[in-house]
$ cat run28.cif   # mmCIF, C-alpha atoms and all ligand atoms
data_data
#
loop_
_atom_site.label_atom_id
_atom_site.label_comp_id
_atom_site.auth_asym_id
_atom_site.auth_seq_id
_atom_site.Cartn_x
_atom_site.Cartn_y
_atom_site.Cartn_z
CA MET A 90 2.04 1.72 -34.61
CA SER A 91 2.05 0.55 -31.02
CA GLY A 92 4.39 -2.23 -29.92
CA THR A 93 1.69 -4.83 -29.24
CA ASN A 94 1.62 -7.75 -31.64
CA ILE A 95 -1.60 -7.70 -33.65
CA PHE A 96 -2.08 -11.47 -33.29
CA ARG A 97 -1.69 -11.27 -29.51
CA THR A 98 -4.28 -8.50 -29.40
CA ALA A 99 -6.72 -10.54 -31.48
CA ARG A 100 -6.24 -13.62 -29.28
CA GLY A 101 -6.56 -11.73 -26.06
CA GLU A 102 -9.92 -10.40 -27.18
CA ASN A 103 -11.53 -13.80 -27.60
CA LYS A 104 -14.39 -13.93 -25.13
CA ILE A 105 -16.41 -16.49 -27.01
CA PHE A 106 -14.69 -19.85 -27.48
CA ARG A 107 -13.18 -21.79 -24.63
CA ASP A 108 -12.40 -24.67 -27.02
CA GLU A 109 -13.69 -24.32 -30.55
CA ALA A 110 -12.33 -27.74 -31.60
CA VAL A 111 -15.06 -29.59 -29.71
CA LEU A 112 -17.53 -28.32 -32.32
CA LEU A 113 -15.63 -29.84 -35.24
CA PRO A 114 -17.08 -32.94 -36.93
CA ASP A 115 -14.21 -35.25 -35.94
CA TYR A 116 -14.39 -34.52 -32.22
CA LEU A 117 -15.30 -37.66 -30.30
CA PRO A 118 -17.64 -36.73 -27.45
CA GLY A 119 -17.54 -38.46 -24.07
CA GLU A 120 -21.31 -38.96 -24.07
CA LEU A 121 -23.91 -39.55 -26.75
CA PRO A 122 -27.29 -38.22 -25.63
CA GLY A 123 -30.14 -39.86 -27.50
CA ARG A 124 -28.09 -42.86 -28.60
CA GLU A 125 -28.01 -44.77 -25.32
CA ARG A 126 -29.94 -47.65 -26.79
CA GLU A 127 -27.77 -47.99 -29.90
CA VAL A 128 -24.61 -47.86 -27.77
CA LYS A 129 -26.01 -50.59 -25.53
CA GLU A 130 -26.82 -52.79 -28.52
CA LEU A 131 -23.29 -52.41 -29.88
CA VAL A 132 -21.83 -53.22 -26.48
CA TYR A 133 -23.92 -56.37 -26.46
CA CYS A 134 -22.59 -57.33 -29.92
CA LEU A 135 -18.95 -56.72 -29.07
CA GLN A 136 -18.77 -57.79 -25.43
CA PRO A 137 -17.88 -61.43 -26.33
CA ALA A 138 -14.67 -60.22 -28.00
CA SER A 139 -13.35 -59.03 -24.64
CA GLU A 140 -13.78 -62.60 -23.38
CA GLY A 141 -12.05 -64.16 -26.38
CA LYS A 142 -15.33 -65.28 -27.94
CA GLN A 143 -16.99 -64.68 -31.29
CA PRO A 144 -18.62 -61.22 -31.32
CA GLU A 145 -21.69 -60.41 -33.41
CA HIS A 146 -21.77 -58.43 -36.63
CA ALA A 147 -23.86 -55.26 -36.81
CA LEU A 148 -25.24 -52.94 -39.45
CA LEU A 149 -25.90 -49.28 -38.63
CA TYR A 150 -27.96 -47.36 -41.15
CA GLY A 151 -29.77 -44.06 -41.40
CA PRO A 152 -29.54 -40.52 -42.77
CA PRO A 153 -26.46 -38.27 -42.46
CA GLY A 154 -25.61 -36.70 -39.13
CA THR A 155 -27.49 -39.21 -36.99
CA GLY A 156 -24.43 -40.32 -35.03
CA LYS A 157 -23.61 -43.66 -36.70
CA THR A 158 -19.88 -43.09 -37.10
CA THR A 159 -19.66 -41.44 -33.70
CA CYS A 160 -21.44 -44.34 -31.97
CA ALA A 161 -19.11 -46.88 -33.59
CA ARG A 162 -15.97 -44.85 -32.72
CA TYR A 163 -17.20 -44.28 -29.17
CA VAL A 164 -17.94 -47.96 -28.51
CA LEU A 165 -14.66 -49.08 -30.06
CA LYS A 166 -12.69 -46.63 -27.94
CA GLN A 167 -14.37 -47.83 -24.77
CA LEU A 168 -13.90 -51.45 -25.78
CA SER A 169 -10.18 -51.06 -26.35
CA GLU A 170 -9.83 -49.27 -22.98
CA TYR A 171 -11.65 -52.17 -21.34
CA SER A 172 -9.85 -55.10 -22.94
CA SER A 173 -6.80 -55.72 -25.09
CA ARG A 174 -8.30 -58.78 -26.83
CA PRO A 175 -10.31 -56.90 -29.46
CA LEU A 176 -8.37 -55.11 -32.19
CA PRO A 177 -10.46 -52.16 -33.44
CA ILE A 178 -9.89 -51.29 -37.08
CA TYR A 179 -11.73 -48.33 -38.56
CA ILE A 180 -11.98 -48.22 -42.34
CA ASN A 181 -13.71 -45.56 -44.40
CA CYS A 182 -14.70 -47.30 -47.61
CA TRP A 183 -14.60 -44.03 -49.54
CA GLU A 184 -10.88 -44.00 -49.03
CA THR A 185 -10.38 -47.76 -48.93
CA PRO A 186 -12.95 -49.38 -51.20
CA SER A 187 -11.35 -52.60 -52.53
CA ARG A 188 -10.94 -56.04 -51.05
CA PHE A 189 -7.16 -55.82 -51.33
CA SER A 190 -6.90 -52.37 -49.75
CA ILE A 191 -9.10 -53.42 -46.83
CA LEU A 192 -7.09 -56.58 -46.27
CA SER A 193 -3.95 -54.43 -46.33
CA GLU A 194 -5.44 -52.16 -43.65
CA ILE A 195 -6.21 -55.18 -41.48
CA ALA A 196 -2.69 -56.52 -42.02
CA ASN A 197 -1.26 -53.09 -41.10
CA ALA A 198 -3.30 -53.01 -37.91
CA LEU A 199 -1.74 -56.38 -37.09
CA GLY A 200 1.70 -54.92 -37.70
CA GLU A 201 2.33 -56.65 -41.07
CA MET A 202 2.87 -55.28 -44.56
CA LEU A 203 1.36 -57.00 -47.56
CA PRO A 204 3.30 -57.25 -50.81
CA ARG A 205 1.70 -54.94 -53.37
CA ARG A 206 1.71 -57.46 -56.21
CA GLY A 207 2.07 -61.04 -57.26
CA ILE A 208 -0.39 -62.73 -54.94
CA ALA A 209 -3.99 -63.62 -55.67
CA ALA A 210 -6.55 -61.96 -53.41
CA ASP A 211 -7.72 -65.30 -51.98
CA GLU A 212 -4.18 -66.13 -50.98
CA ILE A 213 -3.83 -62.73 -49.33
CA LEU A 214 -7.01 -63.35 -47.40
CA VAL A 215 -5.69 -66.63 -46.03
CA ARG A 216 -2.42 -64.95 -45.14
CA VAL A 217 -4.07 -62.06 -43.30
CA PHE A 218 -6.34 -64.42 -41.41
CA GLU A 219 -3.37 -66.61 -40.42
CA ILE A 220 -1.59 -63.52 -39.08
CA ALA A 221 -4.72 -62.53 -37.13
CA LYS A 222 -5.08 -65.99 -35.62
CA LYS A 223 -1.43 -66.07 -34.60
CA ASP A 224 -1.79 -62.60 -33.09
CA GLY A 225 -4.62 -63.91 -30.91
CA ARG A 226 -6.58 -60.66 -31.01
CA ILE A 227 -10.08 -60.36 -32.40
CA PRO A 228 -10.34 -57.86 -35.25
CA ILE A 229 -13.40 -55.60 -34.97
CA VAL A 230 -13.61 -54.07 -38.42
CA VAL A 231 -15.75 -50.97 -38.88
CA LEU A 232 -16.60 -50.54 -42.55
CA ASP A 233 -17.94 -46.99 -42.66
CA GLU A 234 -19.78 -45.85 -45.82
CA ALA A 235 -19.99 -49.56 -46.67
CA ASP A 236 -22.19 -48.98 -49.74
CA ARG A 237 -19.06 -47.60 -51.38
CA LEU A 238 -17.80 -51.20 -51.50
CA GLU A 239 -20.20 -51.77 -54.35
CA ALA A 240 -18.24 -49.29 -56.43
CA SER A 241 -15.17 -51.50 -56.70
CA ASP A 242 -15.32 -54.82 -58.48
CA ASP A 243 -14.53 -57.05 -55.53
CA GLY A 244 -15.33 -54.67 -52.65
CA ALA A 245 -18.51 -56.41 -51.53
CA GLN A 246 -16.61 -59.70 -51.34
CA ILE A 247 -14.80 -58.45 -48.23
CA LEU A 248 -18.10 -58.48 -46.34
CA TYR A 249 -18.46 -62.14 -47.18
CA ASP A 250 -14.81 -62.81 -46.26
CA LEU A 251 -15.17 -61.17 -42.85
CA CYS A 252 -18.68 -62.31 -42.00
CA ARG A 253 -17.79 -65.94 -42.73
CA ALA A 254 -14.29 -65.82 -41.22
CA GLY A 255 -15.41 -67.75 -38.12
CA GLU A 256 -17.07 -70.49 -40.08
CA LEU A 257 -14.59 -70.87 -42.92
CA HIS A 258 -11.29 -69.88 -41.32
CA SER A 259 -11.87 -70.33 -37.58
CA LEU A 260 -11.07 -66.66 -37.02
CA PHE A 261 -13.14 -64.68 -34.55
CA THR A 262 -13.91 -61.27 -35.94
CA ALA A 263 -16.79 -58.77 -36.14
CA VAL A 264 -17.88 -56.38 -38.82
CA ILE A 265 -19.72 -53.16 -38.07
CA ALA A 266 -21.00 -51.94 -41.42
CA ILE A 267 -22.31 -48.37 -41.63
CA THR A 268 -24.34 -46.85 -44.44
CA ASN A 269 -26.87 -44.14 -45.31
CA ASP A 270 -28.53 -46.47 -47.74
CA GLU A 271 -31.62 -48.12 -46.30
CA GLU A 272 -31.61 -50.67 -49.10
CA PHE A 273 -28.00 -51.65 -48.69
CA HIS A 274 -28.73 -54.82 -46.78
CA ALA A 275 -31.37 -55.85 -49.30
CA ARG A 276 -28.72 -55.85 -52.04
CA LEU A 277 -26.29 -57.98 -50.08
CA ASP A 278 -25.55 -61.58 -50.85
CA ALA A 279 -28.07 -63.64 -48.85
CA ARG A 280 -25.32 -65.26 -46.79
CA VAL A 281 -23.90 -61.88 -45.80
CA ARG A 282 -27.35 -60.44 -45.17
CA SER A 283 -28.12 -63.18 -42.68
CA SER A 284 -25.05 -62.13 -40.65
CA PHE A 285 -26.58 -58.69 -40.08
CA VAL A 286 -30.22 -59.50 -39.76
CA GLN A 287 -30.26 -59.80 -35.97
CA HIS A 288 -28.33 -56.60 -35.41
CA ALA A 289 -29.38 -54.00 -37.94
CA TYR A 290 -29.99 -50.68 -36.25
CA LYS A 291 -31.75 -47.79 -37.83
CA PHE A 292 -30.56 -44.35 -36.72
CA ALA A 293 -33.51 -42.01 -37.01
CA PRO A 294 -32.95 -38.25 -37.45
CA TYR A 295 -32.88 -36.32 -34.19
CA SER A 296 -35.86 -34.39 -32.88
CA VAL A 297 -35.47 -30.76 -31.76
CA PRO A 298 -35.28 -31.68 -28.03
CA GLN A 299 -32.64 -34.34 -28.77
CA LEU A 300 -30.53 -31.91 -30.80
CA LYS A 301 -30.88 -29.29 -28.08
CA GLU A 302 -29.50 -31.71 -25.53
CA ILE A 303 -26.63 -32.76 -27.80
CA LEU A 304 -25.70 -29.14 -28.55
CA GLN A 305 -26.13 -27.95 -24.99
CA GLN A 306 -23.74 -30.53 -23.67
CA ARG A 307 -21.05 -29.68 -26.21
CA ALA A 308 -21.63 -25.92 -25.87
CA GLN A 309 -20.55 -26.07 -22.24
CA LYS A 310 -17.12 -27.21 -23.38
CA ALA A 311 -16.96 -25.03 -26.46
CA PHE A 312 -17.98 -21.62 -25.10
CA PHE A 313 -17.07 -19.52 -22.11
CA GLU A 314 -19.72 -19.24 -19.47
CA GLY A 315 -22.25 -16.58 -20.40
CA ALA A 316 -20.97 -16.35 -23.99
CA LEU A 317 -24.07 -17.94 -25.47
CA ASP A 318 -27.52 -16.38 -25.49
CA SER A 319 -30.02 -18.96 -24.23
CA GLU A 320 -31.98 -18.83 -27.51
CA VAL A 321 -29.01 -19.78 -29.70
CA VAL A 322 -28.94 -23.53 -29.11
CA PRO A 323 -32.73 -23.96 -29.53
CA LEU A 324 -32.55 -21.97 -32.77
CA CYS A 325 -29.67 -24.06 -34.19
CA ALA A 326 -31.59 -27.23 -33.31
CA ALA A 327 -34.79 -25.95 -34.90
CA VAL A 328 -33.06 -24.80 -38.10
CA ALA A 329 -31.28 -28.16 -38.46
CA VAL A 330 -34.53 -30.06 -38.05
CA LYS A 331 -36.44 -27.79 -40.40
CA ARG A 332 -33.77 -28.25 -42.98
CA GLY A 333 -33.96 -32.06 -42.60
CA GLY A 334 -37.72 -31.84 -42.99
CA GLU A 335 -37.42 -29.80 -46.17
CA HIS A 336 -35.12 -32.40 -47.67
CA ALA A 337 -37.42 -35.20 -46.75
CA LEU A 338 -40.43 -33.34 -48.11
CA GLY A 339 -38.60 -32.56 -51.31
CA ARG A 340 -38.13 -36.25 -51.98
CA ASN A 341 -40.97 -38.00 -50.25
CA SER A 342 -43.55 -37.60 -47.56
CA PRO A 343 -41.95 -37.40 -44.14
CA ASP A 344 -41.77 -40.38 -41.88
CA SER A 345 -43.03 -40.13 -38.31
CA SER A 346 -39.37 -39.79 -37.29
CA SER A 347 -39.94 -42.61 -34.86
CA ARG A 348 -36.90 -44.28 -33.42
CA THR A 349 -37.06 -47.76 -34.80
CA SER A 350 -33.80 -49.40 -33.91
CA GLY A 351 -33.97 -53.14 -33.86
CA PRO A 352 -33.71 -56.29 -35.91
CA LEU A 353 -34.77 -55.95 -39.50
CA VAL A 354 -37.92 -57.70 -40.45
CA GLY A 355 -38.10 -59.00 -43.99
CA THR A 356 -36.38 -57.41 -46.95
CA PRO A 357 -37.65 -54.04 -48.09
CA THR A 358 -38.04 -53.81 -51.83
CA SER A 359 -38.78 -50.11 -52.16
CA ARG A 360 -37.10 -47.10 -50.58
CA PRO A 361 -38.95 -46.12 -47.43
CA PRO A 362 -39.82 -42.43 -47.15
CA ALA A 363 -36.98 -40.24 -45.94
CA ALA A 364 -37.57 -39.23 -42.35
CA ALA A 365 -37.96 -35.58 -41.43
CA GLY A 366 -35.62 -34.47 -38.74
CA GLY A 367 -32.30 -33.17 -37.72
CA ASP A 368 -28.74 -33.74 -38.77
CA ALA A 369 -26.41 -33.12 -35.81
CA ARG A 370 -23.55 -32.19 -38.13
CA VAL A 371 -25.63 -29.34 -39.54
CA ALA A 372 -26.65 -28.20 -36.06
CA PHE A 373 -23.01 -28.09 -34.94
CA ALA A 374 -22.00 -26.21 -38.09
CA LEU A 375 -24.67 -23.57 -37.36
CA LEU A 376 -23.50 -23.16 -33.78
CA ARG A 377 -19.87 -22.90 -34.73
CA ALA A 378 -20.51 -20.43 -37.56
CA ALA A 379 -22.54 -18.22 -35.21
CA GLY A 380 -19.73 -18.35 -32.64
CA LYS A 381 -17.16 -17.38 -35.27
CA ALA A 382 -19.32 -14.46 -36.41
CA ALA A 383 -19.61 -13.18 -32.83
CA GLU A 384 -15.88 -13.57 -32.36
CA ARG A 385 -15.10 -11.70 -35.57
CA GLU A 386 -17.12 -8.70 -34.56
CA ASN A 387 -15.67 -8.83 -31.10
CA ALA A 388 -19.07 -9.28 -29.48
CA SER A 389 -19.24 -10.43 -25.89
CA ARG A 390 -21.77 -13.17 -26.62
CA VAL A 391 -23.30 -15.18 -29.41
CA GLU A 392 -26.78 -13.91 -30.20
CA VAL A 393 -29.65 -15.16 -32.31
CA ALA A 394 -28.71 -12.55 -34.92
CA HIS A 395 -25.34 -14.28 -35.41
CA VAL A 396 -27.13 -17.53 -36.25
CA ARG A 397 -29.43 -15.74 -38.67
CA ALA A 398 -26.55 -13.97 -40.37
CA THR A 399 -24.51 -17.13 -40.97
CA GLN A 400 -27.11 -19.84 -41.34
CA GLU A 401 -27.38 -19.87 -45.13
CA GLU A 402 -23.67 -20.34 -45.60
CA ALA A 403 -23.39 -22.88 -42.79
CA LEU A 404 -26.27 -24.88 -44.25
CA ALA A 405 -24.79 -24.77 -47.72
CA THR A 406 -21.41 -26.09 -46.67
CA SER A 407 -22.30 -28.61 -44.00
CA GLY A 408 -25.19 -30.60 -45.32
CA SER A 409 -24.47 -32.18 -48.63
CA LYS A 410 -22.91 -35.60 -48.84
CA VAL A 411 -21.78 -34.76 -52.36
CA GLU A 412 -19.67 -31.86 -51.17
CA ARG A 413 -18.21 -33.83 -48.32
CA LYS A 414 -17.37 -36.82 -50.48
CA LEU A 415 -16.16 -35.02 -53.57
CA PRO A 416 -12.51 -34.97 -52.50
CA ALA A 417 -12.56 -38.78 -52.36
CA LEU A 418 -13.61 -39.17 -56.00
CA ASP A 419 -11.14 -39.72 -58.83
CA GLU A 420 -10.83 -37.27 -61.72
CA LEU A 421 -13.32 -38.94 -64.06
CA ASP A 422 -15.94 -39.26 -61.30
CA LYS A 423 -15.44 -35.59 -60.46
CA LYS A 424 -15.91 -34.59 -64.11
CA ILE A 425 -19.13 -36.60 -64.30
CA VAL A 426 -20.46 -35.04 -61.08
CA ALA A 427 -19.47 -31.56 -62.29
CA ALA A 428 -21.26 -32.05 -65.63
CA VAL A 429 -24.41 -33.27 -63.87
CA LYS A 430 -24.21 -30.39 -61.43
CA ASP A 431 -23.89 -27.88 -64.28
CA ALA A 432 -27.17 -29.16 -65.66
CA GLY A 433 -28.92 -27.94 -62.48
CA ASP A 434 -32.04 -29.30 -60.80
CA LYS A 435 -33.62 -30.62 -63.98
CA GLY A 436 -30.76 -33.06 -64.56
CA ILE A 437 -29.10 -34.22 -67.77
CA GLU A 438 -29.97 -37.05 -70.15
CA SER A 439 -27.44 -39.84 -70.25
CA GLY A 440 -26.77 -39.48 -74.00
CA LYS A 441 -25.99 -35.81 -73.60
CA LEU A 442 -23.74 -36.46 -70.63
CA TYR A 443 -21.77 -39.17 -72.43
CA ALA A 444 -21.40 -36.95 -75.49
CA SER A 445 -20.03 -34.10 -73.40
CA LEU A 446 -17.43 -36.38 -71.82
CA LYS A 447 -16.51 -38.50 -74.82
CA ARG A 448 -13.02 -37.02 -74.94
CA LEU A 449 -12.38 -38.64 -71.58
CA SER A 450 -14.04 -42.02 -71.84
CA GLY A 451 -16.33 -44.30 -73.84
CA ASP A 452 -20.08 -44.66 -73.29
CA ARG A 453 -19.84 -48.06 -71.66
CA ALA A 454 -17.27 -46.98 -69.07
CA LEU A 455 -19.21 -43.79 -68.38
CA ARG A 456 -22.41 -45.77 -67.90
CA GLN A 457 -20.64 -47.97 -65.35
CA ARG A 458 -19.33 -44.91 -63.54
CA VAL A 459 -22.81 -43.40 -63.37
CA ASP A 460 -24.15 -46.69 -61.99
CA ARG A 461 -21.51 -46.67 -59.28
CA LEU A 462 -22.06 -43.04 -58.40
CA GLU A 463 -25.74 -43.83 -58.11
CA LYS A 464 -25.10 -46.80 -55.84
CA THR A 465 -22.92 -44.73 -53.59
CA GLY A 466 -25.57 -42.05 -53.15
CA ILE A 467 -24.08 -39.18 -55.18
CA LEU A 468 -26.27 -39.33 -58.27
CA GLU A 469 -29.79 -40.47 -58.87
CA THR A 470 -31.31 -41.54 -62.18
CA GLU A 471 -34.77 -42.01 -63.55
CA SER A 472 -35.98 -43.52 -66.77
CA VAL A 473 -37.63 -40.98 -69.12
CA GLN A 474 -39.18 -40.96 -72.58
CA SER A 475 -36.74 -39.59 -75.12
CA GLY A 476 -37.49 -39.41 -78.85
CA GLN A 477 -38.32 -42.95 -79.98
CA GLY A 478 -37.06 -44.77 -76.94
CA ARG A 479 -36.27 -44.30 -73.30
CA SER A 480 -33.21 -42.79 -71.74
CA ARG A 481 -31.94 -42.06 -68.28
CA LEU A 482 -32.19 -38.66 -66.66
CA ILE A 483 -29.28 -38.15 -64.28
CA LYS A 484 -29.35 -35.75 -61.33
CA ILE A 485 -27.33 -34.95 -58.25
CA LYS A 486 -28.91 -36.78 -55.38
CA THR A 487 -30.19 -34.42 -52.73
CA GLN A 488 -29.68 -35.29 -49.06
CA ILE A 489 -30.29 -38.95 -48.43
N1 LIG A 501 -25.87 -38.38 -29.91
C1 LIG A 501 -24.87 -37.54 -30.15
N2 LIG A 501 -24.23 -36.92 -29.13
C2 LIG A 501 -23.23 -36.07 -29.37
N3 LIG A 501 -22.80 -35.73 -30.58
C3 LIG A 501 -23.39 -36.32 -31.64
C4 LIG A 501 -24.45 -37.24 -31.48
N4 LIG A 501 -24.85 -37.65 -32.71
C5 LIG A 501 -24.09 -37.01 -33.59
N5 LIG A 501 -23.19 -36.20 -32.97
C6 LIG A 501 -22.23 -35.32 -33.61
O1 LIG A 501 -22.77 -34.97 -34.87
C7 LIG A 501 -21.80 -35.06 -35.91
C8 LIG A 501 -22.25 -36.03 -36.96
O2 LIG A 501 -22.31 -37.35 -36.41
P1 LIG A 501 -21.76 -38.61 -37.23
O3 LIG A 501 -20.58 -38.22 -38.04
O4 LIG A 501 -21.61 -39.73 -36.28
O5 LIG A 501 -23.02 -38.88 -38.18
P2 LIG A 501 -23.24 -40.05 -39.23
O6 LIG A 501 -24.56 -40.67 -38.89
O7 LIG A 501 -22.06 -40.94 -39.27
O8 LIG A 501 -23.38 -39.22 -40.57
P3 LIG A 501 -23.01 -39.63 -42.09
O9 LIG A 501 -24.02 -40.66 -42.50
O10 LIG A 501 -23.17 -38.38 -42.88
O11 LIG A 501 -21.61 -40.16 -42.09
C9 LIG A 501 -20.51 -35.45 -35.23
O12 LIG A 501 -19.75 -34.28 -35.06
C10 LIG A 501 -20.92 -36.00 -33.89
O13 LIG A 501 -19.97 -35.70 -32.92
MG MG A 502 -20.61 -41.24 -40.75
#
$ encode --input "run28.cif" --output "structure tokens" --more "lines below"
Ligand SMILES: Nc1ncnc2c1ncn2[C@@H]1O[C@H](COP(=O)(O)OP(=O)(O)OP(=O)(O)O)[C@@H](O)[C@H]1O
Ligand SMILES: [Mg+2]
Amino acid sequence: MSGTNIFRTARGENKIFRDEAVLLPDYLPGELPGREREVKELVYCLQPASEGKQPEHALLYGPPGTGKTTCARYVLKQLSEYSSRPLPIYINCWETPSRFSILSEIANALGEMLPRRGIAADEILVRVFEIAKKDGRIPIVVLDEADRLEASDDGAQILYDLCRAGELHSLFTAVIAITNDEEFHARLDARVRSSFVQHAYKFAPYSVPQLKEILQQRAQKAFFEGALDSEVVPLCAAVAVKRGGEHALGRNSPDSSSRTSGPLVGTPTSRPPAAAGGDARVAFALLRAAGKAAERENASRVEVAHVRATQEEALATSGSKVERKLPALDELDKKIVAAVKDAGDKGIESGKLYASLKRLSGDRALRQRVDRLEKTGILETESVQSGQGRSRLIKIKTQI
């Protein structure tokens, strides 16, 4: 054996990645190609907070990987660099789904701890709002994956609390609610819905040219010069868009993939067709997987063949909301999802599902769980004829 450390040798040979971390999903880019208009709208909503005035609430909705979370994080970062009046608070409702836990997060952001027990939620609300008023800053609360609020008994109440805080408690605050669910706003309490109606922005899936631009910009940071064949980025963009199109076609006829940001008109009563188009998260996963493959075989650049060789696996692990959200579910939810998954594409009838899980919980509780998992976009159900009556067929929801 020679004296050179094997790890040093491996590191020294890396000719591919300059900075692989910029391809990871949590990386916050300095620019958002294709989302200039959405960023501008959010700036318009939040600008008043920097002047000590009431900002506007906003709802961002659209399919996965369309840049909703990134836009909100980007605007909040810029806002807090610009002014110290607004207090940005980011909450992922998968992790923090109840009224109490969200109020606790807001209190924490204000530097206070809430007692865990012994106070009614309404009293806590008043307390948190008093703290906020005394603090003099304007909480800008991002409620990401806001449809998850419907899964806890009083979760949706927090939207009412925050949207009416100005009117009922003289507290300036803004809510930016984010969801994949196009019908989310239609299910909201009318008073909450009216808070979002002026500023509801639909994030359409990206087109191939848009994804190419997004990837190209990030690739310059991620890869060494000359380490990427010029066909790689276009291929990743095309595969991501094709995949989005397949999902949309599997569920519904594809939309025109038009970019229709703007105020909502009326209240949709049926689910609009899923739009065909690209998920940027998937495109980045393809690019990163190809880069890793090239690095592993010690190639001097990433070629189209690397994308082809890794695309199935990258697609399988990056796309599904179910897989990404599974860690946030509790044990019973996970068991339900696993049982439905085991049944495969054809789904499982509710009676059969409840029977298989009766050791763990009663029918009523299981039914409620299934309802919640459906509302939060993990399962989907349809009514089917079964024996004498009707029953529900439960399936894993494919990409939203
Ligand atoms: N316009 C853009 N410019 C640069 N990067 C982008 C853009 N849009 C999305 N991305 C990148 O794509 C990935 C997915 O974006 P993001 O997480 O914001 O999607 P999302 O709409 O919130 O998806 P989901 O509904 O699944 O939560 C992130 O890594 C993000 O950095
Ligand atoms: Mg998101």
$ closest_atom_pairs --input "run28.cif" --of "chain A" --to "ligand MG 502 (chain A)" --cutoff "12 Å" --atoms "only C-alpha atoms and all ligand atoms" --output "JSON lines"
{"residue": "A:Pro114", "atom": "CA", "partner": "A:MG502", "partner_atom": "MG", "distance": 9.8}
{"residue": "A:Asp115", "atom": "CA", "partner": "A:MG502", "partner_atom": "MG", "distance": 10.0}
{"residue": "A:Leu149", "atom": "CA", "partner": "A:MG502", "partner_atom": "MG", "distance": 9.9}
{"residue": "A:Tyr150", "atom": "CA", "partner": "A:MG502", "partner_atom": "MG", "distance": 9.6}
{"residue": "A:Gly151", "atom": "CA", "partner": "A:MG502", "partner_atom": "MG", "distance": 9.6}
{"residue": "A:Pro152", "atom": "CA", "partner": "A:MG502", "partner_atom": "MG", "distance": 9.2}
{"residue": "A:Pro153", "atom": "CA", "partner": "A:MG502", "partner_atom": "MG", "distance": 6.8}
{"residue": "A:Gly154", "atom": "CA", "partner": "A:MG502", "partner_atom": "MG", "distance": 6.9}
{"residue": "A:Thr155", "atom": "CA", "partner": "A:MG502", "partner_atom": "MG", "distance": 8.1}
{"residue": "A:Gly156", "atom": "CA", "partner": "A:MG502", "partner_atom": "MG", "distance": 6.9}
{"residue": "A:Lys157", "atom": "CA", "partner": "A:MG502", "partner_atom": "MG", "distance": 5.6}
{"residue": "A:Thr158", "atom": "CA", "partner": "A:MG502", "partner_atom": "MG", "distance": 4.2}
{"residue": "A:Thr159", "atom": "CA", "partner": "A:MG502", "partner_atom": "MG", "distance": 7.1}
{"residue": "A:Cys160", "atom": "CA", "partner": "A:MG502", "partner_atom": "MG", "distance": 9.3}
{"residue": "A:Ala161", "atom": "CA", "partner": "A:MG502", "partner_atom": "MG", "distance": 9.2}
{"residue": "A:Arg162", "atom": "CA", "partner": "A:MG502", "partner_atom": "MG", "distance": 10.0}
{"residue": "A:Tyr179", "atom": "CA", "partner": "A:MG502", "partner_atom": "MG", "distance": 11.6}
{"residue": "A:Ile180", "atom": "CA", "partner": "A:MG502", "partner_atom": "MG", "distance": 11.2}
{"residue": "A:Asn181", "atom": "CA", "partner": "A:MG502", "partner_atom": "MG", "distance": 8.9}
{"residue": "A:Cys182", "atom": "CA", "partner": "A:MG502", "partner_atom": "MG", "distance": 10.9}
{"residue": "A:Trp183", "atom": "CA", "partner": "A:MG502", "partner_atom": "MG", "distance": 11.0}
{"residue": "A:Val231", "atom": "CA", "partner": "A:MG502", "partner_atom": "MG", "distance": 11.0}
{"residue": "A:Leu232", "atom": "CA", "partner": "A:MG502", "partner_atom": "MG", "distance": 10.3}
{"residue": "A:Asp233", "atom": "CA", "partner": "A:MG502", "partner_atom": "MG", "distance": 6.6}
{"residue": "A:Glu234", "atom": "CA", "partner": "A:MG502", "partner_atom": "MG", "distance": 6.9}
{"residue": "A:Ala235", "atom": "CA", "partner": "A:MG502", "partner_atom": "MG", "distance": 10.2}
{"residue": "A:Asp236", "atom": "CA", "partner": "A:MG502", "partner_atom": "MG", "distance": 12.0}
{"residue": "A:Ala266", "atom": "CA", "partner": "A:MG502", "partner_atom": "MG", "distance": 10.7}
{"residue": "A:Ile267", "atom": "CA", "partner": "A:MG502", "partner_atom": "MG", "distance": 7.4}
{"residue": "A:Thr268", "atom": "CA", "partner": "A:MG502", "partner_atom": "MG", "distance": 7.7}
{"residue": "A:Asn269", "atom": "CA", "partner": "A:MG502", "partner_atom": "MG", "distance": 8.3}
{"residue": "A:Asp270", "atom": "CA", "partner": "A:MG502", "partner_atom": "MG", "distance": 11.8}
{"residue": "A:Phe292", "atom": "CA", "partner": "A:MG502", "partner_atom": "MG", "distance": 11.2}
{"residue": "A:Asp368", "atom": "CA", "partner": "A:MG502", "partner_atom": "MG", "distance": 11.2}
{"residue": "A:Ala369", "atom": "CA", "partner": "A:MG502", "partner_atom": "MG", "distance": 11.1}
{"residue": "A:Arg370", "atom": "CA", "partner": "A:MG502", "partner_atom": "MG", "distance": 9.9}
{"residue": "A:Lys410", "atom": "CA", "partner": "A:MG502", "partner_atom": "MG", "distance": 10.1}
{"residue": "A:Arg413", "atom": "CA", "partner": "A:MG502", "partner_atom": "MG", "distance": 10.9}
{"residue": "A:Lys414", "atom": "CA", "partner": "A:MG502", "partner_atom": "MG", "distance": 11.2}
$ residues_around --input "run28.cif" --residues "segment 458-465 of chain A" --least-positions-apart "4" --cutoff "8 Å" --atoms "all atoms listed in the file" --output "list in words"
Asp236, Arg237, Glu239, Ala240, Asp422, Ile425, Ala454, Glu469 and Thr470 of chain A
$ closest_residue --input "run28.cif" --among "A:Arg307, A:Lys223, A:Lys435, A:Arg332" --to "Gly200 of chain A" --atoms "all atoms listed in the file"
A:Lys223
